[in-house]
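First up is the structure itself, then whatever we jot down about it.
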Amino acid sequence: MRAIDRNLGSCPVCHQLVHFPKRDPEHVAAYCPRCGSEVFPRKRSSLEYTLALTLASIVFYIPANLLPMMHVHTFAGTQSDTIMSGVIYFLETGSYLIGFVIFVASIFVPVLKMLILLYLVHSVRTGKSRFPKERQRLYLLTEIIGRWSMVDVFVVSIMIALVHFGGLSSIEAGTGAVFFLLVVIVTMLAAMAFDPRLIWDPTKEHHAH
Ligand SMILES: [Zn+2]
């Protein structure tokens with residue numbers, strides 16, 4: 001039995017139990033009797049927002065990879081590095097750990113997150129009812145790994161510190177870093193827009209009793 005089957009829901013702000021006038025998961029709203037917030041049985045247009053934000057993050061991810069993440073000014077001149085050339089630079093100079101961390105935070109994690117979100121939207125849209133637990137775990141994973149993208153910001157800070165102590169002239173963030181930050185923010189919003197209850201709606205378990 002789901003709350004929605006009894007025309008019930010909970011206020012997203014104060015968690016008060018709310019009664020809906022009739023059953024319509026997308027469009028029937030009620031007002032929370034306690035705090036007055038508008039309450040919907042499911043997040044409104046959840047799939048559309050999640051899909052639009054995920055597609056936007058894919059679009060931002062292209063310049064994030066093509067444009068330089070940073071410019072390093074040394075006595076020898078200026079070196080500009082994209083995510084990939086940065087990873088290759090660190091691997092070639094033997095800084096395997098930094099190279100690996102940048103690869104995981106800048107390439108592996110964001111791409112995995114985009115793929116999971118696209119898959120979840122697709123699975124709900126096609127009314128897939130199998131493996132709800134596994135899909136919910138994937139959803140929780142996107143929330144956990146989203147935070148790891150911020151590791152990249154720390155890596156850049158550490159590198160800036162290293163460069164300064166190493167006596168090199170200066171380092172500055174490139175335009176690619178701005179787009180990468182947009183990717184991190186937009187994928188985070190995409191995960192927030194997704195309503196994990198949609199995963200369970202087509203399953204038959206709530207009709208068991
Ligand atoms: Zn409320």
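Simple scheme: letters A, B, ... for chains in structure tokens order, numbers from 1 for residues in each chain, numbers from 1 for ligands in the order shown.
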TODO: Identify, with DSSP run on backbone atoms, the residues in range 70-147 of chain A assigned to alpha helix (DSSP H), and express the list as a PyMOL selection string.
DONE: chain A and resi 83-92+96-103+109-125+132-147
Proximity check chain A to ligand 1, 12 Å, nearest pairs one decimal Å, only C-alpha atoms and all ligand atoms, as a Markdown table:
| residue | atom | partner | partner_atom_place_in_ligand_line | distance |
| --- | --- | --- | --- | --- |
| A:Gly9 | CA | ligand 1 | 1 (Zn) | 10.8 |
| A:Ser10 | CA | ligand 1 | 1 (Zn) | 7.9 |
| A:Cys11 | CA | ligand 1 | 1 (Zn) | 4.7 |
| A:Pro12 | CA | ligand 1 | 1 (Zn) | 6.8 |
| A:Val13 | CA | ligand 1 | 1 (Zn) | 5.2 |
| A:Cys14 | CA | ligand 1 | 1 (Zn) | 4.1 |
| A:His15 | CA | ligand 1 | 1 (Zn) | 5.9 |
| A:Gln16 | CA | ligand 1 | 1 (Zn) | 5.3 |
| A:Leu17 | CA | ligand 1 | 1 (Zn) | 8.3 |
| A:Val18 | CA | ligand 1 | 1 (Zn) | 8.4 |
| A:His19 | CA | ligand 1 | 1 (Zn) | 11.9 |
| A:Ala30 | CA | ligand 1 | 1 (Zn) | 10.5 |
| A:Tyr31 | CA | ligand 1 | 1 (Zn) | 7.9 |
| A:Cys32 | CA | ligand 1 | 1 (Zn) | 4.7 |
| A:Pro33 | CA | ligand 1 | 1 (Zn) | 6.8 |
| A:Arg34 | CA | ligand 1 | 1 (Zn) | 5.1 |
| A:Cys35 | CA | ligand 1 | 1 (Zn) | 4.0 |
| A:Gly36 | CA | ligand 1 | 1 (Zn) | 5.9 |
| A:Ser37 | CA | ligand 1 | 1 (Zn) | 5.4 |
| A:Glu38 | CA | ligand 1 | 1 (Zn) | 8.1 |
| A:Val39 | CA | ligand 1 | 1 (Zn) | 8.2 |
| A:Phe40 | CA | ligand 1 | 1 (Zn) | 11.7 |
- [ ] Find the residue from A:Ala64, A:Thr142, A:Arg135, A:Gly94 that sits nearest to Leu182 in chain A; use only C-alpha atoms when measuring.
- [x] A:Ala64
TODO: Excluding range 113-129 of chain A and any residue of its chain fewer than 3 positions from it, enumerate the residues within 7 Å of it, using only C-alpha atoms, and give them as a count of residues only.
DONE: 12
Task: Long-range neighbours of Gly86 in chain A as a ChimeraX atom specification, 10 Å cut-off, only C-alpha atoms, 6 positions minimum in chain - done: /A:68-70,80,92,98-99,102-103
- [ ] Could you jot down the CA of Gln79 in chain A to CA of Val186 in chain A separation for me, Å, one decimal place?
- [x] 29.0 Å
Task: Residue nearest His73 in chain A among A:Ser170, A:Tyr49, A:Leu181, A:Ala3 (counting only C-alpha atoms) - done: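 Of the candidates, the smallest distance to His73 in chain A is held by A:Ser170.
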Task: One-decimal distance in Å that lies between CA of Arg137 in chain A and CA of Ala193 in chain A - done: 16.4 Å
Open item on the list: Taking the DSSP secondary structure from the backbone, can you list the residues of range 47-202 of chain A that are strand (DSSP E or B), as a list in words?
Closed with: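 Of range 47-202 of chain A, the ones in strand (DSSP E or B) are Met70, His71, Val72, His73, Thr74, Gly77, Thr78, Gln79, Ser80, Asp81, Ser170, Ile171, Glu172 and Ala173 of chain A.
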For the residues in that selection, give me C-alpha atoms as a PDB file, in the first residue's frame.
ATOM      1  CA  MET A  70      44.089  25.998 -16.266  1.00  0.00           C
ATOM      2  CA  HIS A  71      46.940  28.121 -17.515  1.00  0.00           C
ATOM      3  CA  VAL A  72      50.340  27.738 -15.841  1.00  0.00           C
ATOM      4  CA  HIS A  73      52.762  30.589 -16.380  1.00  0.00           C
ATOM      5  CA  THR A  74      56.432  29.623 -15.939  1.00  0.00           C
ATOM      6  CA  GLY A  77      56.221  30.319 -21.122  1.00  0.00           C
ATOM      7  CA  THR A  78      52.555  29.555 -20.600  1.00  0.00           C
ATOM      8  CA  GLN A  79      51.189  26.036 -20.565  1.00  0.00           C
ATOM      9  CA  SER A  80      47.443  25.516 -20.949  1.00  0.00           C
ATOM     10  CA  ASP A  81      45.917  22.184 -19.961  1.00  0.00           C
ATOM     11  CA  SER A 170      51.470  31.791 -11.494  1.00  0.00           C
ATOM     12  CA  ILE A 171      48.511  29.593 -12.269  1.00  0.00           C
ATOM     13  CA  GLU A 172      44.975  30.596 -13.238  1.00  0.00           C
ATOM     14  CA  ALA A 173      41.736  28.763 -13.878  1.00  0.00           C
TER      15      ALA A 173
END
- [ ] Report the distance between CA of Lys22 in chain A and CA of Thr50 in chain A in Å, rounded to one decimal place.
- [x]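 Pair CA of Lys22 in chain A / CA of Thr50 in chain A returns 26.0 Å.
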Quick one: everything within 9 Å of Leu53 in chain A, counting only C-alpha atoms, minus sequence neighbours fewer than 4 positions away in the same chain. Send it as a PDB file with C-alpha atoms, in the first residue's frame.
ATOM      1  CA  GLU A  48      11.201  16.195 -17.922  1.00  0.00           C
ATOM      2  CA  TYR A  49      13.347  18.265 -15.539  1.00  0.00           C
ATOM      3  CA  SER A  57      25.103  18.884 -18.350  1.00  0.00           C
ATOM      4  CA  ILE A  58      26.188  16.821 -21.386  1.00  0.00           C
ATOM      5  CA  VAL A 186      23.552  20.935 -13.223  1.00  0.00           C
ATOM      6  CA  THR A 187      24.006  17.171 -12.638  1.00  0.00           C
ATOM      7  CA  LEU A 189      20.098  19.623  -9.818  1.00  0.00           C
ATOM      8  CA  ALA A 190      19.195  16.791 -12.244  1.00  0.00           C
ATOM      9  CA  ALA A 191      19.559  14.204  -9.466  1.00  0.00           C
ATOM     10  CA  ALA A 193      14.705  16.728  -9.769  1.00  0.00           C
TER      11      ALA A 193
END
